[in-house]
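Pasting target-v2.txt here (compact mmCIF, C-alpha atoms):
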```
# COMPACT_ATOMS: atom_id res chain seq x y z
CA MET I 297 5.65 -6.25 16.50
CA GLU I 298 2.40 -4.82 17.86
CA GLN I 299 3.12 -6.07 21.36
CA ALA I 300 6.46 -4.23 21.12
CA ALA I 301 4.84 -1.08 19.70
CA ARG I 302 6.23 1.12 22.50
CA SER I 303 9.69 -0.46 22.58
CA LYS I 304 12.84 1.23 21.28
CA TYR I 305 13.92 -2.20 20.03
CA ARG I 306 10.83 -2.97 18.00
CA GLY I 307 12.90 -4.16 15.04
CA PHE I 308 14.80 -6.63 17.20
CA TRP I 309 11.65 -8.13 18.73
CA GLY I 310 10.03 -8.39 15.31
CA ALA I 311 13.14 -10.12 13.94
CA TRP I 312 12.50 -13.11 16.22
CA VAL I 313 10.18 -14.30 13.48
CA GLY I 314 13.22 -14.39 11.21
CA PHE I 315 15.54 -15.95 13.78
CA ALA I 316 13.48 -19.12 13.48
CA ILE I 317 14.66 -19.53 9.86
CA PRO I 318 18.41 -20.10 10.46
CA ILE I 319 17.65 -21.98 13.69
CA GLY I 320 15.38 -24.25 11.66
CA LEU I 321 18.05 -24.69 9.00
CA LEU I 322 20.66 -25.51 11.63
CA LEU I 323 18.35 -28.12 13.14
CA GLY I 324 17.48 -29.45 9.68
CA PHE I 325 21.00 -29.70 8.25
CA GLY I 326 22.41 -30.80 11.59
CA SER I 327 19.87 -33.57 12.13
CA VAL I 328 20.38 -34.92 8.60
CA ILE I 329 24.15 -35.04 9.07
CA PHE I 330 23.72 -36.63 12.51
CA VAL I 331 21.26 -39.33 11.38
CA LYS I 332 23.35 -40.15 8.32
CA SER I 333 26.35 -40.71 10.57
CA LEU I 334 24.40 -43.36 12.51
CA MET I 335 23.38 -45.55 9.56
CA SER I 336 24.40 -46.70 6.13
CA PRO I 337 23.31 -44.79 3.00
CA ALA I 338 21.00 -47.68 2.10
CA ALA I 339 19.32 -47.59 5.52
CA PHE I 340 18.88 -43.82 5.31
CA ILE I 341 17.19 -44.12 1.90
CA ALA I 342 15.04 -47.03 3.10
CA TYR I 343 13.69 -45.57 6.35
CA GLY I 344 16.04 -43.01 7.92
CA TRP I 345 14.61 -40.02 6.11
CA ARG I 346 11.20 -40.71 7.67
CA ILE I 347 12.51 -39.84 11.13
CA PHE I 348 12.44 -36.12 10.32
CA PHE I 349 8.79 -36.22 9.34
CA PHE I 350 7.79 -37.75 12.65
CA ILE I 351 9.79 -35.07 14.47
CA GLY I 352 8.24 -32.38 12.27
CA PHE I 353 4.74 -33.66 13.08
CA ALA I 354 5.44 -33.34 16.82
CA VAL I 355 6.86 -29.83 16.37
CA ALA I 356 3.79 -28.82 14.37
CA ILE I 357 1.53 -29.90 17.25
CA VAL I 358 3.56 -27.79 19.68
CA GLY I 359 3.35 -24.83 17.32
CA LEU I 360 -0.41 -25.22 17.01
CA ILE I 361 -0.85 -25.25 20.79
CA ILE I 362 1.27 -22.10 21.13
CA ARG I 363 -0.67 -20.33 18.39
CA LEU I 364 -4.07 -21.21 19.87
CA ARG I 365 -3.00 -19.82 23.24
CA THR I 366 -1.44 -16.61 21.89
CA GLU I 367 -3.44 -13.48 22.67
CA ASP I 368 -4.02 -10.67 20.19
CA SER I 369 -1.94 -7.53 20.66
CA PHE I 370 -3.16 -4.61 22.75
CA LEU I 371 -3.35 -2.54 19.54
CA PHE I 372 -5.83 -4.94 17.97
CA GLU I 373 -7.75 -5.28 21.21
CA GLY I 374 -8.06 -1.49 21.19
CA LEU I 375 -9.60 -1.63 17.72
CA LYS I 376 -12.12 -4.19 18.91
CA ALA I 377 -12.99 -2.08 21.94
CA ASP I 378 -13.60 0.93 19.67
CA ARG I 379 -15.58 -1.22 17.19
CA LYS I 380 -13.17 -0.32 14.37
CA VAL I 381 -12.30 -3.84 13.21
CA LEU I 382 -12.83 -4.09 9.43
CA ASP I 383 -15.07 -6.81 8.00
CA TYR I 384 -12.90 -7.34 4.92
CA PRO I 385 -9.41 -5.99 5.70
CA ALA I 386 -7.72 -7.91 2.88
CA ALA I 387 -9.93 -6.26 0.25
CA ARG I 388 -9.70 -2.85 1.90
CA VAL I 389 -5.90 -2.74 1.97
CA TRP I 390 -5.74 -3.61 -1.75
CA ARG I 391 -8.09 -0.74 -2.55
CA GLU I 392 -6.30 1.81 -0.39
CA MET I 393 -2.62 0.82 -0.54
CA PRO I 394 -1.92 -1.23 -3.72
CA GLY I 395 1.34 0.61 -4.43
CA ARG I 396 2.65 -0.08 -0.94
CA ILE I 397 1.82 -3.78 -1.27
CA LEU I 398 3.60 -4.04 -4.62
CA ARG I 399 6.71 -2.27 -3.29
CA MET I 400 6.81 -4.58 -0.27
CA SER I 401 6.43 -7.47 -2.68
CA LEU I 402 9.41 -6.38 -4.79
CA VAL I 403 11.58 -6.15 -1.70
CA ASN I 404 10.71 -9.62 -0.50
CA ALA I 405 10.94 -11.11 -4.01
CA MET I 406 14.67 -10.49 -3.85
CA PHE I 407 15.09 -11.93 -0.36
CA SER I 408 12.92 -14.97 -0.98
CA GLY I 409 14.73 -15.42 -4.29
CA ALA I 410 18.08 -15.30 -2.49
CA PHE I 411 16.85 -17.90 -0.01
CA PHE I 412 15.44 -20.40 -2.49
CA LEU I 413 18.18 -19.82 -5.04
CA SER I 414 20.70 -20.97 -2.47
CA PHE I 415 18.68 -23.38 -0.39
CA VAL I 416 16.76 -25.14 -3.19
CA PHE I 417 18.74 -24.58 -6.40
CA GLY I 418 22.17 -23.93 -4.85
CA THR I 419 22.50 -27.36 -3.25
CA SER I 420 21.72 -29.07 -6.57
CA TYR I 421 24.06 -26.67 -8.37
CA MET I 422 26.93 -27.58 -6.05
CA LYS I 423 26.33 -31.27 -6.77
CA VAL I 424 26.39 -30.59 -10.52
CA VAL I 425 29.70 -28.74 -10.08
CA GLY I 426 31.12 -31.79 -8.31
CA PHE I 427 30.58 -31.38 -4.58
CA THR I 428 29.23 -34.36 -2.69
CA GLY I 429 25.88 -34.24 -0.91
CA GLY I 430 27.68 -34.23 2.44
CA GLN I 431 29.85 -31.28 1.43
CA ALA I 432 26.83 -29.30 0.22
CA GLU I 433 25.02 -30.01 3.50
CA ALA I 434 28.05 -28.97 5.57
CA ILE I 435 28.37 -25.70 3.64
CA GLY I 436 24.65 -25.06 4.12
CA LEU I 437 25.01 -25.70 7.86
CA LEU I 438 27.88 -23.23 8.08
CA ALA I 439 25.98 -20.58 6.08
CA ALA I 440 22.92 -20.99 8.31
CA ALA I 441 25.04 -20.40 11.41
CA PHE I 442 26.44 -17.20 9.92
CA MET I 443 22.93 -16.21 8.82
CA LEU I 444 21.71 -16.24 12.42
CA VAL I 445 24.62 -14.02 13.50
CA PHE I 446 24.06 -11.59 10.60
CA MET I 447 20.32 -11.52 11.29
CA ILE I 448 20.84 -10.51 14.92
CA ILE I 449 23.27 -7.78 13.84
CA GLY I 450 20.85 -6.59 11.14
CA ALA I 451 18.00 -6.41 13.66
CA PHE I 452 20.03 -4.30 16.09
CA LEU I 453 21.21 -1.96 13.31
CA ALA I 454 17.65 -1.63 12.02
CA ASP I 455 16.80 -0.10 15.42
CA LYS I 456 20.05 1.83 15.77
CA LEU I 457 20.26 3.23 12.21
CA SER I 458 17.19 2.57 10.06
CA ARG I 459 15.24 -0.21 8.36
CA ARG I 460 16.13 1.04 4.88
CA THR I 461 19.87 1.20 5.59
CA VAL I 462 19.94 -2.49 6.50
CA LEU I 463 17.77 -3.50 3.56
CA LEU I 464 19.76 -1.45 1.05
CA THR I 465 23.06 -2.88 2.32
CA ALA I 466 21.80 -6.41 1.75
CA ALA I 467 20.25 -5.60 -1.64
CA ILE I 468 23.37 -3.85 -2.98
CA THR I 469 25.53 -6.75 -1.79
CA PHE I 470 23.21 -9.15 -3.61
CA LEU I 471 23.47 -7.03 -6.76
CA ILE I 472 27.29 -6.90 -6.69
CA PHE I 473 27.81 -10.50 -5.57
CA ALA I 474 25.30 -12.21 -7.90
CA ILE I 475 27.79 -13.41 -10.51
CA PRO I 476 30.80 -13.91 -8.17
CA TYR I 477 28.60 -16.16 -6.01
CA PHE I 478 28.27 -18.77 -8.75
CA TYR I 479 31.81 -18.22 -10.01
CA LEU I 480 33.24 -19.12 -6.58
CA ILE I 481 31.13 -22.29 -6.45
CA ASN I 482 32.30 -23.18 -9.97
CA THR I 483 35.90 -23.27 -8.75
CA HIS I 484 35.03 -26.54 -6.97
CA GLN I 485 37.07 -25.41 -3.99
CA LEU I 486 35.39 -26.08 -0.66
CA LEU I 487 36.65 -22.90 1.02
CA LEU I 488 35.60 -20.61 -1.84
CA ALA I 489 32.19 -22.27 -2.08
CA ALA I 490 31.73 -21.79 1.67
CA ILE I 491 32.65 -18.10 1.35
CA ALA I 492 30.14 -17.77 -1.50
CA GLU I 493 27.37 -19.25 0.66
CA ILE I 494 28.26 -17.20 3.72
CA ILE I 495 28.12 -13.93 1.75
CA GLY I 496 25.49 -14.67 -0.92
CA PHE I 497 23.16 -16.57 1.37
CA GLY I 498 24.12 -16.02 5.00
CA PHE I 499 24.78 -12.28 4.81
CA VAL I 500 22.35 -11.15 2.10
CA PHE I 501 19.35 -13.00 3.47
CA GLY I 502 20.33 -12.92 7.14
CA PHE I 503 21.39 -9.29 7.45
CA GLY I 504 18.48 -8.00 5.36
CA TYR I 505 15.90 -10.16 7.10
CA GLY I 506 16.87 -8.55 10.37
CA ALA I 507 14.84 -5.54 9.20
CA ILE I 508 12.13 -7.22 7.10
CA PRO I 509 9.52 -7.95 9.84
CA ALA I 510 9.67 -4.38 11.13
CA PHE I 511 9.71 -2.84 7.64
CA TYR I 512 6.67 -4.83 6.55
CA THR I 513 4.47 -4.38 9.58
CA GLU I 514 5.29 -0.69 10.11
CA ASN I 515 4.20 0.13 6.57
CA PHE I 516 0.54 -0.65 7.28
CA PRO I 517 -1.89 0.70 9.91
CA THR I 518 -3.32 -1.59 12.57
CA ARG I 519 -6.73 -1.91 10.90
CA TYR I 520 -5.25 -4.06 8.12
CA ARG I 521 -1.62 -4.53 9.11
CA ALA I 522 -1.70 -8.33 8.96
CA SER I 523 -3.52 -8.35 5.63
CA GLY I 524 -1.22 -5.79 4.01
CA ALA I 525 2.03 -7.32 5.23
CA SER I 526 0.85 -10.80 4.29
CA ALA I 527 -0.25 -9.74 0.79
CA GLY I 528 3.09 -8.12 -0.01
CA TYR I 529 5.02 -11.02 1.47
CA GLN I 530 3.10 -13.93 -0.04
CA ILE I 531 2.65 -12.83 -3.65
CA SER I 532 6.40 -12.31 -3.87
CA GLN I 533 6.94 -15.96 -2.97
CA VAL I 534 5.41 -16.87 -6.32
CA TYR I 535 7.45 -14.75 -8.72
CA GLY I 536 10.46 -14.49 -6.39
CA GLY I 537 11.07 -17.55 -4.27
CA GLY I 538 9.10 -19.86 -6.53
CA LEU I 539 10.15 -18.63 -9.97
CA ILE I 540 13.87 -17.89 -9.53
CA PRO I 541 15.03 -21.49 -8.84
CA ILE I 542 12.85 -22.77 -11.72
CA MET I 543 14.31 -20.24 -14.15
CA ALA I 544 17.82 -20.94 -12.84
CA GLY I 545 17.31 -24.65 -13.48
CA LEU I 546 16.10 -24.00 -17.03
CA ILE I 547 19.11 -21.76 -17.70
CA LEU I 548 21.48 -24.42 -16.37
CA LYS I 549 19.87 -27.04 -18.59
CA SER I 550 19.97 -24.79 -21.66
CA VAL I 551 23.52 -23.38 -21.58
CA GLY I 552 25.38 -25.84 -19.36
CA ILE I 553 27.41 -25.49 -16.19
CA LYS I 554 30.24 -23.51 -17.82
CA HIS I 555 28.19 -20.43 -18.76
CA ALA I 556 25.00 -20.74 -16.70
CA PHE I 557 26.32 -18.70 -13.76
CA ILE I 558 26.56 -15.54 -15.89
CA TYR I 559 22.93 -15.66 -17.01
CA ILE I 560 21.64 -16.72 -13.59
CA GLY I 561 23.63 -13.88 -12.06
CA LEU I 562 22.06 -11.39 -14.47
CA LEU I 563 18.62 -12.71 -13.55
CA VAL I 564 19.40 -12.18 -9.88
CA MET I 565 20.63 -8.64 -10.55
CA VAL I 566 17.24 -7.71 -12.06
CA TYR I 567 15.50 -8.74 -8.85
CA ALA I 568 18.09 -6.86 -6.78
CA LEU I 569 17.62 -3.66 -8.80
CA ALA I 570 13.84 -3.91 -8.43
CA ALA I 571 14.23 -4.32 -4.65
CA ILE I 572 16.60 -1.35 -4.41
CA TRP I 573 14.10 0.83 -6.26
CA ALA I 574 11.25 -0.33 -4.00
CA ILE I 575 13.26 0.35 -0.82
CA LEU I 576 14.22 3.84 -1.99
CA ALA I 577 10.62 4.58 -3.02
CA THR I 578 9.26 3.63 0.42
CA PRO I 579 9.53 6.05 3.38
CA GLU I 580 11.58 5.07 6.42
CA THR I 581 9.40 3.53 9.14
CA LYS I 582 11.75 3.41 12.13
CA GLY I 583 10.00 6.26 13.97
CA THR I 584 6.47 5.24 13.02
CA ASP I 585 4.01 5.46 15.92
CA LEU I 586 2.09 2.19 15.79
CA VAL I 587 -0.05 3.10 18.79
CA ASN I 588 -1.55 6.19 17.18
```

Just give me the structure as structure tokens.
Amino acid sequence: MEQAARSKYRGFWGAWVGFAIPIGLLLGFGSVIFVKSLMSPAAFIAYGWRIFFFIGFAVAIVGLIIRLRTEDSFLFEGLKADRKVLDYPAARVWREMPGRILRMSLVNAMFSGAFFLSFVFGTSYMKVVGFTGGQAEAIGLLAAAFMLVFMIIGAFLADKLSRRTVLLTAAITFLIFAIPYFYLINTHQLLLAAIAEIIGFGFVFGFGYGAIPAFYTENFPTRYRASGASAGYQISQVYGGGLIPIMAGLILKSVGIKHAFIYIGLLVMVYALAAIWAILATPETKGTDLVN
């Protein structure tokens, strides 16, 4: 984002961080389906699943090499040249911008909740409803493909229109579609379940995440941009991405498959409303001058 500080398409370049998510899902789901097709279920359980960990280890090494060779942005280098780098940026941003961090956190709590609700809890939920593991994986693969398309569109519209317009569109869709999402899966019809995943997972997370990297980084000045964006993003993973699938699982266990979708949907709507408030309470950042 900082390297693209002078670009008119800053949102699009920042969204490349997000593009890695559906690409990773496509590689993950696709490789599982491919490896399973080459061996028996018993062989996959015995040793086949280990293949992905060896591949992941190699990818991690490549990622480490890239990261070690990546230079800091010209904005940060300017701070160093002017001797304005803070000693404790993480503490400073909490003292000066706690409200901004909490609002960023509420926004991402909804998006991380949408991701883990579908990706972690949703797959198990589909199996409880009656879908096979292969069907759940195929639906996830399809939703990830649509997510990438929606994310690219969201990134372009974040630059063309505004960051908040894209985020609000995704949040309102999540609010309206929370209960229908589970209802469509409960029908045990493959097509309806796929539509549910494409809208509730692919569109909500994908379209909204097209604006998230720009929205987060533009809301903090260079002197503690990384610390502020990271704080708002990471704490939301606890009570958003981490808590929602746990609570959804407890609800499912308590009330059963027939009625669980209503209560889980209501839970999701609370997170969506909190995100909508946080987006509306935060100024638009599209025209923010990161250089100055």

Practice item. Can you work out the spacing between atom CA of Ile472 of chain I and atom CA of Ser420 of chain I in Å, to one decimal? Key: 22.9 Å

Practice item. Work out how far atom CA of Phe473 of chain I is from atom CA of Ala490 of chain I, in Å to one decimal. Key: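 So the two atoms, atom CA of Ala490 of chain I and atom CA of Phe473 of chain I, lie 14.0 Å apart.
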
Review point. List as a VMD selection string: which residues have an atom within 12 Å of (23.2, -36.8, 10.1), counting all atoms listed in the file?
Key: chain I and resid 322 to 337 340 344 to 345 347 to 348 429 to 430 433 to 434 437

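Straight-line separation from atom CA of Ile508 of chain I to atom CA of Ala386 of chain I: 20.3 Å.
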
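Checking I:Phe478, I:Phe503, I:Tyr343, I:Tyr305 one by one against Thr465 of chain I, counting all atoms listed in the file, you find the shortest gap at I:Phe503.
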
**Study point:** Proximity to Gly545 of chain I - best of I:Phe315, I:Phe308, I:Phe557, I:Trp573, all atoms listed in the file
**Key:**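 For Gly545 of chain I, the nearest of the candidates is I:Phe557.
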
Check your understanding: At a cut-off of 9 Å from (12.8, -14.9, -1.7) in the coordinates of the file, what residues are picked up using all atoms listed in the file, written as a list in words?
Key ->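 Protein and nucleic acid residues near the point are Val403, Asn404, Ala405, Met406, Phe407, Ser408, Gly409, Ala410, Phe411, Phe412, Leu413, Phe501, Ser532, Gln533, Val534, Tyr535, Gly536, Gly537, Gly538 and Ile540 of chain I.
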
Keeping only C-alpha atoms, write the selected residues as a PDB file, in the coordinates of the input.
```
ATOM      1  CA  VAL I 403      11.580  -6.150  -1.700  1.00  0.00           C
ATOM      2  CA  ASN I 404      10.710  -9.620  -0.500  1.00  0.00           C
ATOM      3  CA  ALA I 405      10.940 -11.110  -4.010  1.00  0.00           C
ATOM      4  CA  MET I 406      14.670 -10.490  -3.850  1.00  0.00           C
ATOM      5  CA  PHE I 407      15.090 -11.930  -0.360  1.00  0.00           C
ATOM      6  CA  SER I 408      12.920 -14.970  -0.980  1.00  0.00           C
ATOM      7  CA  GLY I 409      14.730 -15.420  -4.290  1.00  0.00           C
ATOM      8  CA  ALA I 410      18.080 -15.300  -2.490  1.00  0.00           C
ATOM      9  CA  PHE I 411      16.850 -17.900  -0.010  1.00  0.00           C
ATOM     10  CA  PHE I 412      15.440 -20.400  -2.490  1.00  0.00           C
ATOM     11  CA  LEU I 413      18.180 -19.820  -5.040  1.00  0.00           C
ATOM     12  CA  PHE I 501      19.350 -13.000   3.470  1.00  0.00           C
ATOM     13  CA  SER I 532       6.400 -12.310  -3.870  1.00  0.00           C
ATOM     14  CA  GLN I 533       6.940 -15.960  -2.970  1.00  0.00           C
ATOM     15  CA  VAL I 534       5.410 -16.870  -6.320  1.00  0.00           C
ATOM     16  CA  TYR I 535       7.450 -14.750  -8.720  1.00  0.00           C
ATOM     17  CA  GLY I 536      10.460 -14.490  -6.390  1.00  0.00           C
ATOM     18  CA  GLY I 537      11.070 -17.550  -4.270  1.00  0.00           C
ATOM     19  CA  GLY I 538       9.100 -19.860  -6.530  1.00  0.00           C
ATOM     20  CA  ILE I 540      13.870 -17.890  -9.530  1.00  0.00           C
TER      21      ILE I 540
END
```

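Using all atoms listed in the file for every distance, the candidate list I:Ile448, I:Ile351, I:Ile362, I:Ala492 yields I:Ile448 as the residue closest to Gly310 of chain I.
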
Exercise for review: Using only C-alpha atoms, pick whichever of I:His555, I:Arg459, I:Lys549, I:Lys423 has the shortest atom-to-atom distance to Thr584 of chain I.
Suggested key: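 Result for the nearest residue to Thr584 of chain I: I:Arg459.
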